[in-house]
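Participant: Take a look at coords_19.txt, compact mmCIF, C-alpha atoms and all ligand atoms:
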# COMPACT_ATOMS: atom_id res chain seq x y z
CA MET C 156 -11.96 -8.03 -23.99
CA GLY C 157 -14.66 -5.73 -25.44
CA THR C 158 -14.27 -3.64 -28.57
CA LEU C 159 -13.04 -0.71 -26.53
CA GLY C 160 -9.87 -1.96 -24.91
CA PRO C 161 -8.76 -0.56 -21.60
CA GLY C 162 -6.21 1.52 -23.51
CA HIS C 163 -9.05 3.61 -24.82
CA THR C 164 -11.31 4.22 -21.92
CA GLY C 165 -10.05 2.52 -18.82
CA ILE C 166 -13.52 1.11 -18.39
CA GLY C 167 -13.38 -2.45 -17.24
CA MET C 168 -9.84 -2.26 -15.87
CA THR C 169 -11.12 -1.81 -12.41
CA SER C 170 -13.88 -4.34 -12.76
CA ASP C 171 -14.51 -7.57 -11.05
CA ARG C 172 -13.98 -9.44 -14.31
CA THR C 173 -10.49 -8.04 -14.75
CA ARG C 174 -9.61 -9.27 -11.30
CA ALA C 175 -11.13 -12.68 -12.01
CA ARG C 176 -8.87 -12.95 -15.06
CA MET C 177 -5.84 -12.01 -13.00
CA VAL C 178 -6.71 -14.78 -10.54
CA ASP C 179 -7.06 -17.28 -13.42
CA ARG C 180 -3.57 -16.34 -14.57
CA LEU C 181 -2.18 -16.76 -11.05
CA ARG C 182 -3.76 -20.21 -10.86
CA ALA C 183 -2.24 -21.10 -14.23
CA ASP C 184 1.11 -19.85 -12.93
CA GLY C 185 1.06 -22.32 -10.07
CA ILE C 186 -0.70 -20.60 -7.16
CA ARG C 187 -2.69 -23.39 -5.53
CA ASP C 188 -4.15 -21.96 -2.31
CA GLU C 189 -7.77 -21.08 -3.05
CA VAL C 190 -8.03 -19.05 0.16
CA VAL C 191 -5.19 -16.85 -1.09
CA LEU C 192 -6.69 -16.61 -4.57
CA ALA C 193 -10.02 -15.53 -3.07
CA ALA C 194 -8.23 -12.83 -1.08
CA ILE C 195 -6.47 -11.55 -4.21
CA ARG C 196 -9.82 -11.61 -6.00
CA ALA C 197 -11.34 -9.49 -3.23
CA VAL C 198 -8.76 -6.68 -3.15
CA PRO C 199 -8.93 -4.02 -5.89
CA ARG C 200 -5.23 -3.50 -6.71
CA HIS C 201 -5.87 -0.31 -8.69
CA ILE C 202 -6.75 1.50 -5.46
CA PHE C 203 -3.11 1.11 -4.38
CA VAL C 204 -1.42 2.79 -7.35
CA ASP C 205 -1.55 6.31 -8.76
CA GLU C 206 -4.44 7.00 -11.10
CA ALA C 207 -2.11 7.23 -14.11
CA LEU C 208 -0.97 3.64 -13.46
CA ALA C 209 -4.38 2.19 -12.55
CA ILE C 210 -4.74 0.90 -16.09
CA ARG C 211 -1.76 -1.42 -15.46
CA ALA C 212 -2.85 -2.50 -12.00
CA TYR C 213 -3.93 -6.00 -13.08
CA GLU C 214 -0.81 -6.83 -15.07
CA ASN C 215 1.55 -9.17 -13.33
CA SER C 216 4.23 -6.54 -12.82
CA PRO C 217 5.60 -4.39 -10.04
CA LEU C 218 4.74 -0.68 -10.36
CA PRO C 219 6.30 2.44 -8.83
CA ILE C 220 4.59 3.87 -5.74
CA GLY C 221 6.93 6.81 -5.12
CA HIS C 222 9.93 7.22 -2.80
CA GLY C 223 11.88 4.78 -5.02
CA GLN C 224 9.66 1.89 -3.92
CA THR C 225 7.33 -0.49 -5.76
CA ILE C 226 4.08 -2.34 -5.27
CA SER C 227 4.88 -6.04 -5.43
CA GLN C 228 3.85 -8.19 -8.40
CA PRO C 229 0.53 -9.99 -7.84
CA TRP C 230 2.21 -13.39 -8.37
CA VAL C 231 4.79 -12.61 -5.71
CA VAL C 232 2.13 -11.40 -3.26
CA ALA C 233 0.11 -14.56 -3.88
CA ARG C 234 3.12 -16.86 -3.57
CA MET C 235 4.39 -15.26 -0.34
CA THR C 236 0.94 -15.37 1.21
CA GLU C 237 0.49 -19.01 0.18
CA LEU C 238 3.85 -19.92 1.72
CA ALA C 239 3.08 -17.99 4.90
CA ARG C 240 -0.38 -19.51 5.30
CA HIS C 241 0.70 -23.07 4.51
CA GLY C 242 -2.91 -24.22 4.66
CA ARG C 243 -3.42 -22.94 8.21
CA THR C 244 -5.88 -20.51 9.72
CA LEU C 245 -3.94 -17.36 10.58
CA GLU C 246 -4.93 -15.56 13.76
CA SER C 247 -2.27 -12.96 13.29
CA ALA C 248 0.35 -11.93 10.78
CA LEU C 249 3.15 -9.38 10.68
CA GLU C 250 4.30 -7.66 7.53
CA ILE C 251 7.63 -5.83 7.24
CA GLY C 252 7.49 -3.17 4.49
CA THR C 253 3.92 -1.87 4.14
CA GLY C 254 4.66 0.15 1.02
CA CYS C 255 1.30 1.22 -0.40
CA GLY C 256 -0.51 -1.47 1.61
CA TYR C 257 -1.50 -3.96 -1.10
CA GLN C 258 0.03 -7.07 0.48
CA THR C 259 -1.33 -5.80 3.80
CA ALA C 260 -4.86 -5.71 2.38
CA VAL C 261 -4.51 -9.23 0.99
CA LEU C 262 -3.25 -10.49 4.34
CA ALA C 263 -6.11 -8.71 6.11
CA GLN C 264 -8.59 -10.91 4.17
CA ILE C 265 -6.91 -14.02 5.57
CA ALA C 266 -5.62 -13.23 9.05
CA GLU C 267 -7.84 -12.00 11.87
CA ARG C 268 -5.26 -9.41 12.88
CA VAL C 269 -2.45 -7.90 10.78
CA TYR C 270 0.47 -5.82 12.01
CA THR C 271 2.52 -3.97 9.45
CA VAL C 272 5.55 -1.72 9.70
CA GLU C 273 7.08 0.69 7.18
CA ARG C 274 10.25 2.80 7.51
CA ILE C 275 9.07 5.59 5.14
CA GLY C 276 6.51 7.73 6.95
CA ALA C 277 4.93 9.16 3.79
CA LEU C 278 4.27 5.68 2.39
CA LEU C 279 2.75 4.53 5.65
CA ALA C 280 0.34 7.47 5.51
CA LYS C 281 -0.58 6.50 1.94
CA ALA C 282 -1.18 2.89 2.96
CA ARG C 283 -3.34 4.03 5.85
CA ARG C 284 -5.52 6.00 3.43
CA HIS C 285 -5.82 3.08 0.99
CA LEU C 286 -6.79 0.62 3.70
CA SER C 287 -9.34 2.92 5.26
CA SER C 288 -10.89 3.68 1.85
CA LEU C 289 -11.52 -0.07 1.56
CA LYS C 290 -12.86 -0.15 5.14
CA ILE C 291 -10.19 -2.62 6.19
CA ARG C 292 -10.06 -2.30 9.95
CA ASN C 293 -8.11 -5.30 11.26
CA VAL C 294 -4.68 -3.80 10.54
CA ALA C 295 -2.34 -2.00 12.95
CA LEU C 296 0.27 0.15 11.16
CA LYS C 297 3.52 1.37 12.63
CA HIS C 298 6.28 3.69 11.46
CA ALA C 299 9.27 1.55 12.37
CA ASP C 300 12.44 -0.11 11.11
CA GLY C 301 11.46 -3.73 10.69
CA SER C 302 15.04 -4.94 10.33
CA ASN C 303 15.33 -4.31 14.04
CA ASP C 304 13.46 -5.23 17.19
CA LEU C 305 10.00 -3.65 17.05
CA GLY C 306 9.69 -3.08 20.79
CA GLU C 307 6.34 -4.85 20.68
CA ASP C 308 4.95 -7.80 22.52
CA LEU C 309 3.78 -9.84 19.55
CA ALA C 310 3.22 -13.52 18.82
CA VAL C 311 2.17 -14.16 15.23
CA ASP C 312 1.50 -17.16 13.00
CA ALA C 313 3.26 -15.63 10.02
CA ILE C 314 5.75 -12.92 9.12
CA ILE C 315 6.06 -11.66 5.56
CA VAL C 316 9.08 -9.51 4.80
CA THR C 317 8.44 -7.61 1.55
CA ALA C 318 11.94 -6.22 1.00
CA GLY C 319 15.11 -8.07 0.03
CA ALA C 320 17.44 -8.91 2.91
CA THR C 321 21.08 -10.00 2.90
CA HIS C 322 20.55 -12.08 6.02
CA VAL C 323 17.66 -13.25 8.22
CA PRO C 324 16.55 -10.46 10.61
CA THR C 325 16.92 -12.71 13.65
CA LYS C 326 15.39 -10.12 15.97
CA LEU C 327 12.03 -10.82 14.32
CA LEU C 328 12.12 -14.58 14.78
CA ARG C 329 11.08 -14.31 18.42
CA TYR C 330 7.70 -12.98 17.27
CA LEU C 331 6.85 -16.32 15.63
CA LYS C 332 4.54 -18.65 17.51
CA PRO C 333 5.59 -22.32 17.58
CA GLY C 334 4.94 -23.62 14.07
CA GLY C 335 4.92 -20.05 12.75
CA ARG C 336 6.50 -19.23 9.39
CA MET C 337 8.52 -16.28 8.12
CA VAL C 338 8.66 -15.70 4.36
CA ILE C 339 11.51 -13.48 3.25
CA PRO C 340 13.40 -12.69 0.03
CA LEU C 341 17.02 -13.48 0.88
CA ALA C 342 20.02 -12.51 -1.23
CA ALA C 343 21.05 -15.48 -3.35
CA HIS C 344 24.67 -15.85 -2.28
CA GLY C 345 27.10 -17.81 -4.34
CA GLU C 346 24.87 -18.33 -7.35
CA GLY C 347 26.57 -15.71 -9.46
CA ALA C 348 23.29 -13.82 -9.21
CA GLU C 349 22.92 -10.09 -9.51
CA PRO C 350 22.85 -8.31 -6.15
CA SER C 351 19.19 -7.41 -6.65
CA THR C 352 18.12 -11.04 -7.01
CA GLN C 353 16.85 -12.98 -4.06
CA ARG C 354 15.30 -16.34 -3.25
CA LEU C 355 12.03 -16.60 -1.39
CA THR C 356 12.99 -18.31 1.82
CA VAL C 357 10.69 -19.86 4.43
CA ILE C 358 11.87 -20.06 8.02
CA GLU C 359 9.65 -22.23 10.18
CA ALA C 360 9.71 -22.29 13.98
CA ALA C 361 9.74 -26.11 14.20
CA PRO C 362 9.93 -28.00 17.52
CA SER C 363 13.53 -28.96 16.69
CA GLY C 364 14.55 -25.36 15.92
CA PHE C 365 14.30 -23.00 12.96
CA ARG C 366 14.05 -24.81 9.66
CA GLU C 367 14.94 -23.00 6.44
CA GLU C 368 13.73 -23.75 2.93
CA THR C 369 14.88 -21.89 -0.20
CA LEU C 370 12.40 -21.45 -3.05
CA ASP C 371 11.59 -19.15 -6.00
CA ALA C 372 13.93 -16.51 -7.40
CA VAL C 373 12.48 -13.02 -6.92
CA ARG C 374 13.51 -9.38 -7.12
CA PHE C 375 12.68 -6.93 -4.34
CA VAL C 376 13.78 -3.45 -3.32
CA PRO C 377 16.29 -3.72 -0.46
CA LEU C 378 15.48 -3.95 3.23
CA LEU C 379 17.09 -0.79 4.63
CA SER C 380 17.67 0.34 8.17
CA GLY C 381 16.61 3.54 9.91
CA LEU C 382 13.51 5.69 9.46
CA ALA C 383 12.71 8.06 6.59
N1 LIG C 401 4.25 -4.82 0.74
C1 LIG C 401 4.35 -3.91 -0.36
C2 LIG C 401 5.76 -3.90 -0.93
C3 LIG C 401 6.39 -2.58 -0.81
S1 LIG C 401 8.07 -2.50 -1.36
C4 LIG C 401 3.33 -4.23 -1.42
O1 LIG C 401 2.39 -4.93 -1.16
O2 LIG C 401 3.41 -3.77 -2.52
C5 LIG C 401 8.94 -2.76 0.14
C6 LIG C 401 8.73 -1.76 1.22
O3 LIG C 401 9.58 -2.10 2.31
C7 LIG C 401 9.09 -0.32 0.86
O4 LIG C 401 8.00 0.51 1.06
C8 LIG C 401 10.25 0.02 1.80
O5 LIG C 401 10.26 1.37 2.24
C9 LIG C 401 9.98 -0.92 2.95
N2 LIG C 401 11.13 -1.20 3.81
C10 LIG C 401 12.42 -1.40 3.43
N3 LIG C 401 13.19 -1.63 4.52
C11 LIG C 401 12.37 -1.58 5.60
C12 LIG C 401 12.57 -1.72 7.00
N4 LIG C 401 13.78 -1.97 7.54
N5 LIG C 401 11.50 -1.60 7.83
C13 LIG C 401 10.26 -1.33 7.33
N6 LIG C 401 10.01 -1.18 6.01
C14 LIG C 401 11.05 -1.31 5.16
Take the structure in the file and give it back as structure tokens.
Facilitator:
Amino acid sequence: MGTLGPGHTGIGMTSDRTRARMVDRLRADGIRDEVVLAAIRAVPRHIFVDEALAIRAYENSPLPIGHGQTISQPWVVARMTELARHGRTLESALEIGTGCGYQTAVLAQIAERVYTVERIGALLAKARRHLSSLKIRNVALKHADGSNDLGEDLAVDAIIVTAGATHVPTKLLRYLKPGGRMVIPLAAHGEGAEPSTQRLTVIEAAPSGFREETLDAVRFVPLLSGLA
């Protein structure tokens, strides 16, 4: 850090070097997939938050994005993307819960085609602006309730649900190609956990049926139904 810290001027917070340091921290915190780390390195997170919060954009913390929602923590974005990719090339990916579009932008570096849905219209509009300001063009956005059937004819390699669910949204599973993986924060039942705590869960469309694996404890805003 230079003599003038970011607290003074903000200079440097948006720089390449700041992002490189964030990626080093993610690596130290166990993120192993270099393809994912390169994607995180490529996406300027400060673009996705309000100017007043830009100074905190490279901390490993969630930040408010309005409408009672948050931008996910970089570590969580990296971990979910790593679990979804699972070392594969992704032709297509579906995200449920666009929010401000940060995870979408990271996915768009990795998958050829990204579909993302958001139930809050105003947030979707914000995400659309952020993505177009970064000239990200391989994303299709939709104002829809992703806890339900999307009325689309999709077949994707990965689904990332970025809001906490109490149960697996089974209507989405049919969108997974064989071998495809859904990553979703699922309420941690029976662990004496707080209601807002979930476990990252991977559901893989294996030849023998859907296979479920429960991983890291996380904290997400809830998956809600209906449009807003
Ligand atoms: N992917 C975002 C995370 C946003 S927070 C990021 O990278 O930061 C989760 C988002 O999921 C919120 O914007 C919330 O409105 C949205 N959401 C919650 N329930 C939903 C549903 N049923 N369908 C679509 N979006 C939903």
Participant: What is the distance, in Å and to one decimal place, between atom CA of C:Val178 and atom CA of C:Leu238?
Facilitator: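 If I compute the distance from atom CA of C:Val178 to atom CA of C:Leu238, I get 17.0 Å.
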Participant: Using only C-alpha atoms and all ligand atoms, determine which residues fall within 8 Å of ligand LIG 401 (chain C), then list them as an MDAnalysis selection string.
Facilitator: chainID C and resid 217 222 224:228 232 250:259 272:275 278 298:303 316:319 375:382
Participant: Let me make sure I understand: among C:Ala280, C:Leu286, C:Ala263, C:Arg234, which one has the smallest atom-to-atom distance to C:Leu370 if we use only C-alpha atoms?
Facilitator: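 Once distances to C:Leu370 are computed over only C-alpha atoms, the minimum belongs to C:Arg234.
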Participant: Which distance in Å separates atom CA of C:Val269 and atom CA of C:Asp312, to one decimal?
Facilitator: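 Interatomic distance, atom CA of C:Val269 to atom CA of C:Asp312: 10.3 Å.
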Participant: Using all atoms listed in the file, can you tell me which of C:Ala295, C:Gln353, C:Ala360, C:Thr321 comes closest to C:Ala372?
Facilitator: C:Gln353
Participant: Work out how far apart atom CA of C:Leu328 and atom CA of C:Val294 are and give it in Å to one decimal.
Facilitator: 20.4 Å
Participant: I'd like to know which of C:Glu189, C:Lys332, C:Lys326, C:Ala342 is closest to C:Pro362, using all atoms listed in the file.
Facilitator: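 The shortest atom-to-atom distance to C:Pro362 comes from C:Lys332.
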Participant: Here is a test: counting all atoms listed in the file, which residue of C:Arg336, C:Thr325, C:Leu208, C:Met177 is nearest to C:Thr236?
Facilitator: C:Arg336
Participant: Return the single residue from C:Leu249, C:Ser170, C:Trp230, C:His322 that is closest to C:Ile202, with distances computed using all atoms listed in the file.
Facilitator: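 Under the stated criterion, the closest residue is C:Ser170.
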Participant: Step by step: start from the point (14.1, -22.9, 7.5) in the file's coordinates, keep every protein, DNA or RNA residue that has an atom no farther than 10 Å from it, count all atoms listed in the file, and write the set as number ranges by chain.
Facilitator: C: 336-338, 356-361, 364-369
Participant: Which residues, written as a list in words, have at least one atom at most 10 Å from C:Gly242, with only C-alpha atoms counted and residues fewer than 2 positions away on the same chain left out?
Facilitator: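 Selected residues are Asp188, Glu189, Val190, Val191, Glu237, Leu238, Ala239, Arg240, Thr244 and Leu245 of chain C.
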Participant: Any idea what's packed within 10 Å of C:Arg176, counting only C-alpha atoms, ignoring anything in its chain fewer than 6 positions away? Could you give it as a count of residues only?
Facilitator: 3
Participant: Which is closest to C:Val323 among C:Pro340, C:Gly306, C:Pro229, C:Pro219, if we use only C-alpha atoms?
Facilitator: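 Smallest separation from C:Val323 among the options: C:Pro340.
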